[in-house]
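Peer 1: Structure: target_0.txt, compact mmCIF, C-alpha atoms.
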```txt
# COMPACT_ATOMS: atom_id res chain seq x y z
CA MET X 1 0.00 0.00 0.00
CA ILE X 2 1.23 3.47 -0.92
CA ALA X 3 -0.37 6.52 0.69
CA ALA X 4 0.62 10.13 0.19
CA GLU X 5 -0.68 13.39 1.49
CA ILE X 6 1.04 16.42 0.03
CA ARG X 7 -0.26 19.73 1.32
CA ALA X 8 2.27 21.86 -0.55
CA LYS X 9 5.44 21.54 -2.61
CA SER X 10 7.37 24.58 -3.81
CA PHE X 11 10.54 25.27 -5.70
CA GLY X 12 11.65 28.59 -4.23
CA PRO X 13 8.71 31.00 -4.39
CA ALA X 14 6.85 28.94 -7.02
CA GLN X 15 4.37 26.46 -5.59
CA VAL X 16 4.04 23.39 -7.83
CA LEU X 17 1.70 21.01 -6.01
CA ARG X 18 -1.12 21.53 -3.50
CA ASP X 19 -3.57 19.40 -1.50
CA ILE X 20 -2.89 16.02 -3.05
CA ALA X 21 -4.09 12.92 -1.25
CA LEU X 22 -3.76 9.53 -2.87
CA ARG X 23 -3.81 5.94 -1.80
CA VAL X 24 -2.87 2.89 -3.85
CA GLU X 25 -3.89 -0.51 -2.50
CA THR X 26 -1.90 -3.69 -3.09
CA GLY X 27 -2.66 -5.04 -6.56
CA GLU X 28 -4.09 -1.74 -7.71
CA VAL X 29 -2.59 0.31 -10.58
CA LEU X 30 -3.21 4.02 -10.24
CA ALA X 31 -2.38 6.13 -13.29
CA ILE X 32 -1.81 9.84 -13.01
CA LEU X 33 -2.37 11.72 -16.23
CA GLY X 34 -1.31 15.24 -16.97
CA PRO X 35 0.46 17.40 -19.53
CA SER X 36 4.25 17.78 -19.52
CA GLY X 37 5.61 20.18 -16.92
CA ILE X 38 2.58 19.95 -14.64
CA GLY X 39 4.55 18.36 -11.79
CA LYS X 40 3.99 14.64 -12.32
CA SER X 41 7.64 13.77 -11.89
CA THR X 42 7.88 16.00 -8.82
CA LEU X 43 4.95 14.11 -7.31
CA LEU X 44 6.63 10.77 -8.03
CA ARG X 45 9.95 11.89 -6.57
CA ILE X 46 8.16 12.85 -3.34
CA VAL X 47 6.28 9.55 -3.17
CA ALA X 48 9.49 7.61 -3.93
CA GLY X 49 11.34 9.42 -1.15
CA ILE X 50 13.93 11.04 -3.43
CA ASP X 51 12.66 14.53 -2.62
CA GLY X 52 11.98 15.04 1.08
CA ASP X 53 11.50 18.80 0.98
CA PHE X 54 7.69 19.19 1.04
CA ASP X 55 4.81 19.78 3.41
CA GLY X 56 2.94 16.54 4.06
CA ALA X 57 3.51 12.84 4.70
CA VAL X 58 4.08 9.69 2.65
CA VAL X 59 3.66 6.06 3.68
CA ARG X 60 5.56 3.68 1.44
CA PRO X 61 6.20 -0.06 1.70
CA GLU X 62 9.51 -1.63 2.70
CA ARG X 63 10.20 -3.09 -0.76
CA LEU X 64 9.78 -0.21 -3.17
CA ALA X 65 10.88 -0.27 -6.81
CA MET X 66 10.94 2.40 -9.47
CA VAL X 67 11.27 2.55 -13.24
CA PHE X 68 12.62 5.92 -14.29
CA GLN X 69 12.11 7.90 -17.49
CA GLU X 70 15.67 6.96 -18.44
CA PRO X 71 16.85 3.37 -17.94
CA THR X 72 19.20 4.68 -15.17
CA LEU X 73 21.51 1.66 -15.23
CA LEU X 74 25.09 1.61 -13.97
CA PRO X 75 26.95 1.75 -17.31
CA TRP X 76 30.13 0.25 -15.75
CA ARG X 77 28.38 -2.92 -14.61
CA THR X 78 26.91 -5.70 -16.76
CA ALA X 79 23.16 -6.20 -17.09
CA ALA X 80 23.24 -9.06 -14.55
CA GLU X 81 25.37 -7.03 -12.11
CA ASN X 82 22.91 -4.17 -12.40
CA LEU X 83 20.34 -6.51 -10.89
CA THR X 84 22.47 -8.21 -8.25
CA LEU X 85 23.97 -4.95 -6.94
CA VAL X 86 20.48 -3.68 -6.15
CA HIS X 87 19.14 -7.06 -4.97
CA PRO X 88 22.10 -8.99 -3.49
CA ASP X 89 19.87 -11.89 -2.37
CA LEU X 90 19.05 -12.57 -6.00
CA GLY X 91 22.39 -14.15 -6.85
CA ARG X 92 23.60 -14.78 -10.38
CA GLU X 93 20.96 -17.43 -11.04
CA GLY X 94 18.13 -15.16 -9.95
CA ALA X 95 19.47 -12.32 -12.10
CA LEU X 96 19.63 -14.56 -15.15
CA ALA X 97 16.06 -15.72 -14.52
CA ALA X 98 14.85 -12.13 -14.09
CA LEU X 99 16.53 -11.11 -17.36
CA ALA X 100 15.06 -14.14 -19.11
CA ARG X 101 11.59 -13.09 -17.92
CA VAL X 102 11.94 -9.79 -19.80
CA GLY X 103 13.29 -11.58 -22.86
CA ILE X 104 17.00 -10.70 -22.70
CA GLY X 105 18.43 -13.72 -20.88
CA ASP X 106 21.23 -13.87 -23.46
CA LYS X 107 22.41 -10.30 -22.73
CA ALA X 108 23.35 -10.85 -19.07
CA ASP X 109 27.07 -10.19 -19.49
CA LEU X 110 26.84 -7.16 -21.77
CA PHE X 111 27.33 -3.61 -20.56
CA PRO X 112 24.35 -1.24 -20.91
CA ARG X 113 26.09 0.69 -23.72
CA GLN X 114 26.13 -2.51 -25.75
CA LEU X 115 22.34 -2.76 -25.53
CA SER X 116 19.69 -0.89 -27.49
CA LEU X 117 17.48 1.60 -25.64
CA GLY X 118 14.62 -0.91 -25.68
CA GLN X 119 16.87 -3.60 -24.16
CA GLN X 120 18.16 -1.16 -21.53
CA ARG X 121 14.57 -0.44 -20.53
CA ARG X 122 13.96 -4.15 -20.23
CA VAL X 123 16.90 -4.39 -17.81
CA ALA X 124 15.41 -1.50 -15.81
CA LEU X 125 12.08 -3.33 -15.73
CA ALA X 126 13.76 -6.58 -14.67
CA ARG X 127 15.58 -4.67 -11.90
CA ALA X 128 12.30 -3.22 -10.62
CA PHE X 129 10.51 -6.57 -10.48
CA ALA X 130 13.47 -8.69 -9.32
CA GLY X 131 13.05 -7.51 -5.73
CA ASP X 132 9.42 -8.73 -5.58
CA PRO X 133 8.21 -5.17 -4.90
CA GLU X 134 5.27 -4.31 -2.67
CA GLY X 135 5.21 -0.84 -4.18
CA LEU X 136 6.09 0.11 -7.76
CA ILE X 137 6.51 3.56 -9.24
CA LEU X 138 6.62 4.04 -13.02
CA ASP X 139 7.72 7.41 -14.39
CA GLU X 140 6.77 7.51 -18.10
CA PRO X 141 8.65 4.26 -18.77
CA PHE X 142 7.49 4.09 -22.39
CA ALA X 143 8.50 7.58 -23.42
CA SER X 144 10.89 7.96 -26.40
CA LEU X 145 10.37 4.40 -27.66
CA ASP X 146 9.16 3.68 -31.18
CA PRO X 147 5.49 2.48 -31.33
CA ASP X 148 6.34 -1.24 -31.79
CA THR X 149 8.84 -1.32 -28.91
CA ALA X 150 6.49 0.71 -26.73
CA GLU X 151 3.73 -1.82 -27.39
CA GLU X 152 6.01 -4.75 -26.51
CA MET X 153 7.12 -3.02 -23.31
CA LEU X 154 3.54 -2.25 -22.36
CA ALA X 155 2.52 -5.87 -22.77
CA LEU X 156 5.55 -6.98 -20.78
CA THR X 157 4.85 -4.53 -17.96
CA GLU X 158 1.20 -5.59 -17.89
CA ARG X 159 2.26 -9.22 -17.48
CA LEU X 160 4.85 -8.49 -14.78
CA ILE X 161 2.38 -6.39 -12.77
CA ALA X 162 -0.21 -9.14 -13.01
CA GLU X 163 2.32 -11.65 -11.64
CA ALA X 164 3.75 -9.53 -8.81
CA ARG X 165 0.63 -7.49 -7.98
CA PRO X 166 2.37 -4.55 -6.29
CA ALA X 167 0.67 -1.27 -5.41
CA THR X 168 1.55 0.57 -8.60
CA LEU X 169 1.69 4.30 -9.17
CA PHE X 170 2.08 5.10 -12.86
CA VAL X 171 2.62 8.49 -14.38
CA THR X 172 2.15 9.27 -18.07
CA HIS X 173 0.88 11.88 -20.48
CA SER X 174 -0.56 9.19 -22.77
CA GLU X 175 -4.26 8.50 -22.26
CA ALA X 176 -4.00 5.17 -24.14
CA GLU X 177 -1.18 3.86 -21.91
CA ALA X 178 -3.14 4.84 -18.80
CA ARG X 179 -6.32 3.10 -19.96
CA ARG X 180 -4.34 0.00 -20.85
CA LEU X 181 -2.47 -0.47 -17.56
CA ALA X 182 -4.47 1.28 -14.86
CA THR X 183 -7.33 0.13 -12.67
CA ARG X 184 -7.95 3.75 -11.71
CA ILE X 185 -7.02 7.07 -13.32
CA LEU X 186 -6.50 10.47 -11.73
CA ARG X 187 -5.68 13.71 -13.46
CA LEU X 188 -3.22 16.33 -12.34
CA ALA X 189 -4.32 19.83 -13.32
CA GLY X 190 -4.13 23.47 -12.36
CA ARG X 191 -1.34 25.69 -11.09
CA PRO X 192 -0.26 24.79 -8.49
CA ALA X 193 -1.36 21.34 -9.62
CA THR X 194 -3.79 19.20 -7.72
CA ILE X 195 -5.82 16.06 -8.35
CA ALA X 196 -9.01 16.10 -10.40
CA PRO X 197 -10.84 12.75 -10.54
CA ASP X 198 -11.24 11.23 -13.99
CA LYS X 199 -14.86 11.48 -15.10
CA GLU X 200 -14.80 8.33 -17.21
CA GLY X 201 -12.48 6.36 -14.96
CA ARG X 202 -13.26 2.70 -14.67
CA MET H 1 52.76 10.24 -49.30
CA SER H 2 52.13 7.18 -47.14
CA LYS H 3 55.79 6.79 -46.16
CA ALA H 4 55.39 8.79 -42.89
CA PRO H 5 55.26 6.52 -39.80
CA THR H 6 51.84 6.42 -38.17
CA HIS H 7 52.02 3.73 -35.47
CA PRO H 8 52.08 5.44 -32.01
CA ALA H 9 54.85 3.14 -30.73
CA THR H 10 57.02 3.86 -33.80
CA ILE H 11 56.52 7.59 -33.36
CA ARG H 12 57.37 7.35 -29.64
CA ALA H 13 60.58 5.43 -30.42
CA LEU H 14 61.59 7.89 -33.18
CA SER H 15 60.83 10.86 -30.94
CA LEU H 16 63.01 9.47 -28.13
CA THR H 17 65.79 8.67 -30.61
CA ALA H 18 65.64 12.27 -31.84
CA LEU H 19 66.06 13.49 -28.24
CA LEU H 20 69.05 11.19 -27.83
CA GLY H 21 70.49 12.52 -31.11
CA LEU H 22 70.10 16.08 -29.86
CA TRP H 23 72.04 15.08 -26.74
CA VAL H 24 74.87 13.54 -28.83
CA VAL H 25 75.11 16.67 -30.99
CA ALA H 26 75.06 18.99 -27.97
CA ALA H 27 77.73 16.90 -26.25
CA ALA H 28 79.87 16.97 -29.40
CA ILE H 29 79.54 20.75 -29.68
CA SER H 30 80.39 21.39 -26.02
CA ALA H 31 83.22 18.87 -26.36
CA ASP H 32 83.65 18.87 -22.57
CA PRO H 33 82.59 15.76 -20.65
CA MET H 34 82.65 17.86 -17.46
CA ILE H 35 79.68 19.86 -18.80
CA LEU H 36 77.81 17.30 -20.90
CA PRO H 37 79.18 13.78 -21.36
CA GLN H 38 78.13 11.63 -24.32
CA PRO H 39 75.25 9.22 -23.52
CA TRP H 40 77.52 6.14 -23.84
CA ALA H 41 79.96 7.67 -21.34
CA LEU H 42 77.27 7.14 -18.67
CA ILE H 43 77.07 3.39 -19.14
CA GLY H 44 80.27 2.66 -17.19
CA PRO H 45 79.44 4.81 -14.10
CA PHE H 46 75.84 3.53 -14.22
CA TRP H 47 76.93 -0.10 -14.18
CA LYS H 48 79.38 0.55 -11.34
CA ALA H 49 76.65 2.21 -9.25
CA VAL H 50 74.28 -0.68 -9.90
CA VAL H 51 76.81 -3.39 -9.05
CA SER H 52 77.95 -1.65 -5.86
CA GLY H 53 74.30 -1.51 -4.75
CA THR H 54 74.27 2.24 -4.08
CA LEU H 55 71.98 3.11 -7.00
CA PRO H 56 69.32 0.45 -6.20
CA TRP H 57 69.45 1.41 -2.51
CA HIS H 58 68.88 5.15 -3.12
CA LEU H 59 66.32 4.37 -5.82
CA TRP H 60 64.43 2.23 -3.33
CA MET H 61 64.50 4.95 -0.63
CA THR H 62 63.06 7.51 -3.05
CA LEU H 63 60.49 5.07 -4.36
CA THR H 64 59.30 4.31 -0.80
CA ARG H 65 58.80 8.01 -0.12
CA VAL H 66 56.96 8.44 -3.42
CA ILE H 67 54.63 5.54 -2.59
CA TRP H 68 53.88 6.84 0.91
CA ALA H 69 53.27 10.41 -0.19
CA PHE H 70 51.25 9.28 -3.21
CA GLY H 71 49.03 6.98 -1.15
CA LEU H 72 48.43 9.59 1.54
CA ALA H 73 47.81 12.47 -0.86
CA MET H 74 45.45 10.42 -3.03
CA SER H 75 43.33 9.09 -0.16
CA LEU H 76 43.13 12.36 1.78
CA GLY H 77 42.54 14.33 -1.43
CA LEU H 78 39.80 11.89 -2.45
CA VAL H 79 37.95 12.30 0.85
CA LEU H 80 38.33 16.09 0.86
CA GLY H 81 37.34 16.39 -2.80
CA LEU H 82 34.24 14.25 -2.29
CA LEU H 83 33.18 16.24 0.77
CA MET H 84 33.75 19.59 -0.95
CA GLY H 85 32.07 18.48 -4.17
CA ARG H 86 28.99 17.10 -2.45
CA MET H 87 28.49 19.57 0.40
CA PRO H 88 28.36 23.24 -0.62
CA ALA H 89 28.72 24.38 3.01
CA VAL H 90 32.00 22.47 3.44
CA ASP H 91 33.13 23.78 0.06
CA ARG H 92 32.51 27.39 1.05
CA TRP H 93 34.53 26.95 4.25
CA LEU H 94 37.45 24.98 2.82
CA ASP H 95 37.78 26.64 -0.58
CA PRO H 96 39.86 29.60 0.71
CA TRP H 97 42.24 27.12 2.39
CA LEU H 98 42.55 25.27 -0.88
CA VAL H 99 43.50 28.47 -2.69
CA VAL H 100 46.10 29.29 -0.03
CA PHE H 101 47.70 25.83 -0.19
CA LEU H 102 47.54 25.70 -4.00
CA ASN H 103 49.55 28.90 -4.15
CA LEU H 104 51.99 28.09 -1.36
CA PRO H 105 55.37 27.33 -3.03
CA ALA H 106 56.50 23.73 -2.53
CA LEU H 107 59.82 24.96 -1.20
CA VAL H 108 58.18 27.00 1.59
CA LEU H 109 56.10 24.01 2.73
CA ILE H 110 59.16 21.76 2.73
CA VAL H 111 61.27 24.21 4.76
CA LEU H 112 58.45 24.79 7.26
CA CYS H 113 57.85 21.06 7.69
CA TYR H 114 61.55 20.48 8.41
CA LEU H 115 61.61 23.42 10.85
CA TRP H 116 58.45 22.39 12.71
CA ILE H 117 58.61 18.59 12.62
CA GLY H 118 62.36 18.14 12.44
CA LEU H 119 64.79 16.72 9.90
CA ASN H 120 63.13 13.30 9.76
CA GLU H 121 61.14 10.97 7.55
CA THR H 122 57.77 12.16 8.91
CA ALA H 123 58.54 15.74 7.93
CA ALA H 124 59.72 14.68 4.48
CA ILE H 125 56.59 12.69 3.68
CA ALA H 126 54.28 15.27 5.29
CA ALA H 127 55.83 18.00 3.14
CA VAL H 128 55.29 16.09 -0.10
CA THR H 129 51.78 15.01 0.88
CA LEU H 130 50.72 18.54 1.84
CA ASN H 131 52.06 19.80 -1.47
CA LYS H 132 49.97 17.36 -3.46
CA ILE H 133 46.66 17.20 -1.52
CA PRO H 134 45.21 20.52 -2.83
CA ASN H 135 45.80 19.39 -6.37
CA VAL H 136 44.08 16.02 -5.94
CA THR H 137 41.24 17.69 -4.02
CA THR H 138 40.58 20.17 -6.85
CA ILE H 139 40.40 17.44 -9.49
CA ILE H 140 38.22 15.09 -7.41
CA ARG H 141 35.91 17.96 -6.46
CA GLU H 142 35.17 18.57 -10.13
CA GLY H 143 34.24 14.90 -10.49
CA ALA H 144 32.11 14.92 -7.35
CA ARG H 145 30.17 17.93 -8.63
CA ALA H 146 29.40 16.15 -11.88
CA LEU H 147 27.93 13.00 -10.27
CA ASP H 148 24.77 11.81 -12.02
CA PRO H 149 21.68 12.74 -9.93
CA GLY H 150 19.64 10.06 -11.71
CA LEU H 151 21.89 7.27 -10.45
CA ALA H 152 21.84 8.77 -6.95
CA ALA H 153 18.02 8.70 -7.02
CA MET H 154 18.08 5.10 -8.21
CA ALA H 155 20.45 4.05 -5.41
CA GLN H 156 18.22 5.82 -2.89
CA VAL H 157 14.90 4.32 -4.06
CA PHE H 158 16.37 0.81 -4.10
CA ARG H 159 18.01 1.48 -0.73
CA MET H 160 21.55 0.53 -1.66
CA PRO H 161 23.67 0.59 1.50
CA PRO H 162 26.27 3.44 1.69
CA LEU H 163 29.38 1.32 1.08
CA ARG H 164 27.93 -0.44 -1.95
CA ARG H 165 26.74 2.91 -3.26
CA LEU H 166 30.24 4.36 -2.85
CA ARG H 167 31.94 1.42 -4.55
CA HIS H 168 29.55 0.77 -7.44
CA VAL H 169 27.80 4.09 -8.05
CA VAL H 170 30.13 6.90 -6.94
CA LEU H 171 33.70 5.62 -7.44
CA PRO H 172 33.18 4.42 -11.04
CA GLN H 173 31.95 7.91 -11.92
CA LEU H 174 35.04 9.38 -10.27
CA ALA H 175 37.45 6.88 -11.85
CA PRO H 176 38.52 9.11 -14.76
CA PHE H 177 39.17 11.94 -12.32
CA ILE H 178 41.08 9.63 -9.96
CA ALA H 179 43.17 8.36 -12.87
CA GLY H 180 43.87 11.94 -13.96
CA ALA H 181 44.85 12.98 -10.45
CA ALA H 182 47.06 9.90 -10.11
CA ARG H 183 48.94 10.57 -13.33
CA SER H 184 49.58 14.25 -12.74
CA GLY H 185 50.18 13.37 -9.07
CA ILE H 186 52.89 10.78 -9.47
CA ALA H 187 54.93 13.05 -11.75
CA VAL H 188 54.74 16.04 -9.40
CA ILE H 189 55.30 13.95 -6.28
CA TRP H 190 58.58 12.40 -7.33
CA LYS H 191 59.95 15.81 -8.25
CA ILE H 192 59.01 17.21 -4.85
CA VAL H 193 60.43 14.12 -3.14
CA LEU H 194 63.77 14.89 -4.81
CA VAL H 195 63.72 18.46 -3.48
CA VAL H 196 62.86 17.16 0.00
CA GLU H 197 65.80 14.75 -0.17
CA PHE H 198 68.07 17.44 -1.56
CA LEU H 199 67.30 19.71 1.40
CA GLY H 200 67.19 17.38 4.36
CA ARG H 201 67.66 13.65 3.90
CA SER H 202 70.78 11.52 3.89
CA ASN H 203 69.64 9.04 1.24
CA GLY H 204 67.54 8.88 -1.91
CA ILE H 205 68.03 10.15 -5.45
CA GLY H 206 67.73 13.78 -4.35
CA PHE H 207 70.51 13.31 -1.78
CA GLN H 208 72.78 11.69 -4.37
CA VAL H 209 72.08 14.48 -6.87
CA HIS H 210 73.02 16.97 -4.13
CA LEU H 211 76.24 15.04 -3.44
CA TYR H 212 77.35 14.93 -7.09
CA PHE H 213 76.25 18.53 -7.62
CA GLN H 214 78.77 19.56 -4.96
CA GLN H 215 81.45 17.54 -6.79
CA PHE H 216 80.40 19.02 -10.18
CA ASP H 217 79.92 15.47 -11.43
CA VAL H 218 77.41 15.96 -14.27
CA ALA H 219 77.67 12.33 -15.36
CA MET H 220 76.53 10.94 -12.00
CA VAL H 221 73.75 13.54 -11.67
CA LEU H 222 72.46 12.36 -15.05
CA VAL H 223 72.84 8.68 -14.12
CA TYR H 224 70.69 9.07 -11.01
CA ALA H 225 68.09 11.32 -12.63
CA LEU H 226 67.70 9.11 -15.71
CA SER H 227 67.46 5.93 -13.61
CA PHE H 228 64.53 7.32 -11.71
CA ILE H 229 62.85 8.61 -14.86
CA ALA H 230 63.11 5.06 -16.20
CA VAL H 231 61.47 3.69 -13.04
CA MET H 232 58.62 6.20 -13.31
CA LEU H 233 58.08 5.34 -16.99
CA LEU H 234 57.77 1.69 -15.96
CA VAL H 235 55.20 2.65 -13.30
CA GLU H 236 53.28 4.59 -15.94
CA TRP H 237 53.30 1.76 -18.48
CA LEU H 238 52.89 -1.20 -16.15
CA ILE H 239 50.51 0.20 -13.52
CA LEU H 240 48.81 3.49 -14.40
CA GLN H 241 47.99 2.87 -18.07
CA PRO H 242 46.62 -0.68 -17.52
CA PHE H 243 44.56 0.64 -14.58
CA GLU H 244 43.11 3.38 -16.76
CA ALA H 245 42.33 0.93 -19.54
CA ARG H 246 40.56 -1.32 -17.04
CA VAL H 247 38.32 1.37 -15.55
CA ARG H 248 37.43 2.58 -19.06
CA ARG H 249 36.58 -0.88 -20.35
CA TRP H 250 32.81 -0.33 -20.25
CA ARG H 251 33.07 2.87 -22.33
CA GLY H 252 34.67 1.28 -25.36
CA ALA H 253 32.30 -1.66 -25.17
```
Could you spell out this file's structure in structure tokens?
Peer 2:
Amino acid sequence: MIAAEIRAKSFGPAQVLRDIALRVETGEVLAILGPSGIGKSTLLRIVAGIDGDFDGAVVRPERLAMVFQEPTLLPWRTAAENLTLVHPDLGREGALAALARVGIGDKADLFPRQLSLGQQRRVALARAFAGDPEGLILDEPFASLDPDTAEEMLALTERLIAEARPATLFVTHSEAEARRLATRILRLAGRPATIAPDKEGR
Amino acid sequence: MSKAPTHPATIRALSLTALLGLWVVAAAISADPMILPQPWALIGPFWKAVVSGTLPWHLWMTLTRVIWAFGLAMSLGLVLGLLMGRMPAVDRWLDPWLVVFLNLPALVLIVLCYLWIGLNETAAIAAVTLNKIPNVTTIIREGARALDPGLAAMAQVFRMPPLRRLRHVVLPQLAPFIAGAARSGIAVIWKIVLVVEFLGRSNGIGFQVHLYFQQFDVAMVLVYALSFIAVMLLVEWLILQPFEARVRRWRGA
């Protein structure tokens, strides 16, 4: 379960977020839609605990995982090491299995620079799910991929979420992606931004 | 057109041969072995110094001081550079000190260390270390400022413990800066070690150079200086360059 209450978040004199309260239950996928620059990433960074400078409170599970906009891999470590360094209990075998699950079991000993962007994102996805997360945060993980790769990644993510059933918070500006993955959709709007419930949400 | 040599090793060999040729010509023009002996005139004295054991002994003394000062300066400079690069408050407080020490002449530091600590090994190594720390700190600080915030966020979300974060996230990003500091460091350090020995030690290459300087023995001064240059070239080729190649392996991949 992820719960966040953000009364206010400012950068200097400019307030970005106000009066946001959200709660994601285990197994639920909450999508937050909003145009670029509205403060979606700021919201995620607060929920993930990267940014602690705000007025409010966040409850997050012990095992939290995140998929960033960029793959954010350690370029000086191989794909398998990128998994085991974050999840030491995994061991080499576990890392190979996790990479195989995202379809790149044969790339375990390559460095991230030797992989395509799509493959790097698969490693990032494998890293997020390898720790059996109770909470998962996705920050536009399908941005800057070509349509075919984006579709493959979406299907893969859908499958992995269905297997692990974490409380998932998913941020995107794509309506289609949100409808596909989410069980519930909220919109971020206004300035400073706050939550507006989605009228046609399922 | 294509007759010019292009292989780096060939060019390096030719360039060094040209330097040697310049030496031979200069020695022939001066025509006075007291001022500049021919290169081959050094072979005899060199061999004698090696066989008697004096050259290896003094070489070893200097090398020990270089290793100590290098290790101390690199580790202290690394810690200071990381602190100053990551914490603006520390940077603001220590930056003026850095400027003072960067501009303090090596000679002044050496003399003060001998005066305050005494004419001993501690003072010698402290003097060299203090001379080099500001330099290492400045280079590492640049690296620490350029650390990738995305990777830091990743390490934080996945709760990587501090030591693993340092070893696998921070140090690899600093590696090119560490290698740069090490290379410029080792060259500067051995020169300062020689001055330290010249002024206040009774062994080492610097002491021997001092001795033969007083006897106006150019040949022996050259023998000792060139021997140590050879040792430092070996360190560069056998240790520093392979280390650099190793930490850059993932880039070329």
Peer 1: For a quick check of understanding, using all atoms listed in the file, which of X:Ala178, X:Val16, X:Val86, X:Ala3 has the smallest distance to Lys40 in chain X?
Peer 2: X:Val16
Peer 1: Taking only C-alpha atoms into account, which of X:Val123, X:Ala14, X:Ala4, X:Ala21 comes nearest Ala196 in chain X?
Peer 2: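 Comparing X:Val123, X:Ala14, X:Ala4, X:Ala21 against Ala196 in chain X, the winner is X:Ala21.
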Peer 1: Which residue, H:Val218, H:Ala155, H:Met34, H:Ile229, has the smallest gap to chain X when you use all atoms listed in the file?
Peer 2: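 For chain X, the nearest of the candidates is H:Ala155.
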Peer 1: Kindly determine which residues of chain X lie within 9 Å of chain H, considering all atoms listed in the file, and give the answer as a list in words.
Peer 2: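 Interface list for chain X against chain H: Arg45, Ala48, Gly49, Ile50, Arg63, Leu64, Ala65, Met66, Val67, Phe68, Glu70, Thr72, Leu73, Leu74, Pro75, Trp76, Arg77, Thr78, Leu85, Val86, His87, Leu110, Phe111, Pro112, Arg113, Gln114 and Ala128 of chain X.
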Peer 1: Record the distance separating CA of Phe198 in chain H and CA of Val231 in chain H, expressed in Å with one decimal.
Peer 2: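 These atoms are spaced 19.1 Å apart.
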Peer 1: Could you tell me how far CA of Thr10 in chain H sits from CA of Leu22 in chain H, in Å to one decimal place?
Peer 2: 18.3 Å
Peer 1: When distances are computed from only C-alpha atoms, which of X:Ile46, X:Leu169, X:Val59, X:Ala126 shows the smallest separation from Arg184 in chain X?
Peer 2: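 Smallest distance to Arg184 in chain X is found for X:Leu169.
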Peer 1: At a cut-off of 7 Å, using all atoms listed in the file, what residues contact Ile189 in chain H? Leave out same-chain residues fewer than 2 positions from it and give the result as a VMD selection string.
Peer 2: chain H and resid 66 70 128 132 185 to 187 191 to 193
Peer 1: CA of Ala189 in chain X and CA of Leu17 in chain X are how many Å apart?
Peer 2: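 Computing the Euclidean distance for CA of Ala189 in chain X and CA of Leu17 in chain X yields 9.5 Å.
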Peer 1: Just want the 10 Å neighbourhood of Val221 in chain H, counted on all atoms listed in the file, with same-chain residues fewer than 5 positions away dropped. Output as a list in words.
Peer 2: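 Listing them by chain and then by number gives Ile205, Gly206, Gln208, Val209, His210, Leu211, Tyr212, Phe213, Gln215, Phe216 and Leu226 of chain H.
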Peer 1: With only C-alpha atoms as the basis for distance, which of X:Leu117, X:Val171, X:Leu83, X:Leu156 is at the shortest distance from Arg187 in chain X?
Peer 2: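 Answer, going by the shortest atom-to-atom distance: X:Val171.
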Peer 1: May I have the residues within 9 Å of Gly200 in chain H as a list of chain:residue names, using all atoms listed in the file and disregarding those fewer than 3 positions away in the same chain?
Peer 2: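 Here the qualifying residues turn out to be H:Tyr114, H:Leu119, H:Asn120, H:Ala124, H:Val195, H:Val196, H:Glu197, H:Phe207.
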Peer 1: Atoms to include: C-alpha atoms. Write the selected residues as a PDB file, keeping the file's coordinate frame.
Peer 2:
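Saved to result-v8.pdb:
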```
ATOM      1  CA  TYR H 114      61.550  20.480   8.410  1.00  0.00           C
ATOM      2  CA  LEU H 119      64.790  16.720   9.900  1.00  0.00           C
ATOM      3  CA  ASN H 120      63.130  13.300   9.760  1.00  0.00           C
ATOM      4  CA  ALA H 124      59.720  14.680   4.480  1.00  0.00           C
ATOM      5  CA  VAL H 195      63.720  18.460  -3.480  1.00  0.00           C
ATOM      6  CA  VAL H 196      62.860  17.160   0.000  1.00  0.00           C
ATOM      7  CA  GLU H 197      65.800  14.750  -0.170  1.00  0.00           C
ATOM      8  CA  PHE H 207      70.510  13.310  -1.780  1.00  0.00           C
TER       9      PHE H 207
END
```
